[in-house]
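Written out below as structure tokens is the structure these notes cover.
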Amino acid sequence: MVLPAVSACAIALAACGSSSRPPTAAAGLNRSVTTTQRAALEFAECMRAHGVGNFPDPTSNGRAPADHVNKHAPAFQTAVRACHPQMAALADLKPKTSRARELREAECMRTHGVPNFPDPLPGGGYEYSGSINPNSPAFQRASNQCQKPK
């Protein structure tokens, strides 16, 4: 769904339902936590609070491994809109080189057979429309080509 090299702020993120895990991780933050980690945690908590119950907490690098989250679910779409301020704050902290790399990857996907591939979201990752099938042969070929180390 989302290219493997993409950060998971808004990566393939979405699921219906609520979480049995209370979003209390922020209470345990200490002073050694980076601004990026704190912003990523705030985004994750917002996503869970708005219906994406299985949205993961970020790892120590500030990324959330959300491969298992269905970003096409209505709950995800609603949560992304509600959590836009947290996603924007996180995007402001993202290194510009990462954003530039994601933009190059998007252009590469378009050039290699996925013409409707979107630019990355502000916080990282991609939001696919219904016209993009990540399981299609064209998508897989483009993904393999665009993920090669340069």
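By convention in this document, the chains of the structure tokens carry letters A, B, ... by their order, each chain's residues are numbered from 1, and ligands are numbered from 1 in the order they are shown.
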
For this session: Give me the residues within 8 Å of His50 of chain A as a PyMOL selection string, counting only C-alpha atoms and dropping any in the same chain fewer than 3 places off.
Result: chain A and resi 46-47+75+78-79+82

Based on the selection just made, write C-alpha atoms of those residues as a PDB file, in the first residue's frame.
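Written file, out-v3.pdb:
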ATOM      1  CA  CYS A  46      -4.932  11.908  17.895  1.00  0.00           C
ATOM      2  CA  MET A  47      -5.464   9.178  15.299  1.00  0.00           C
ATOM      3  CA  ALA A  75     -12.466   6.060  10.235  1.00  0.00           C
ATOM      4  CA  THR A  78     -12.027  11.149   9.312  1.00  0.00           C
ATOM      5  CA  ALA A  79      -9.088  10.878  11.712  1.00  0.00           C
ATOM      6  CA  ALA A  82      -9.228  15.769  12.487  1.00  0.00           C
TER       7      ALA A  82
END

For this session: Find the residues near segment 130-142 of chain A: any atom within 7 Å, counting only C-alpha atoms, skip ones fewer than 3 places away on the same chain, and give them as a PyMOL selection string.
Result: chain A and resi 1+109+112-114+145-146

Exercise. With only C-alpha atoms as the atoms that count, which of A:Gln147, A:Glu127, A:Ala106, A:Leu93 lies nearest to Asn70 of chain A?
Worked result: A:Glu127

For this session: Tell me, as a ChimeraX atom specification, which residues lie within 8 Å of Val80 of chain A, counting only C-alpha atoms; anything in the same chain fewer than 3 positions away does not count.
Result: /A:10,47,76-77,83-84

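If you look at atom CA of His68 of chain A and atom CA of Gly51 of chain A, they are 15.1 Å away from each other.
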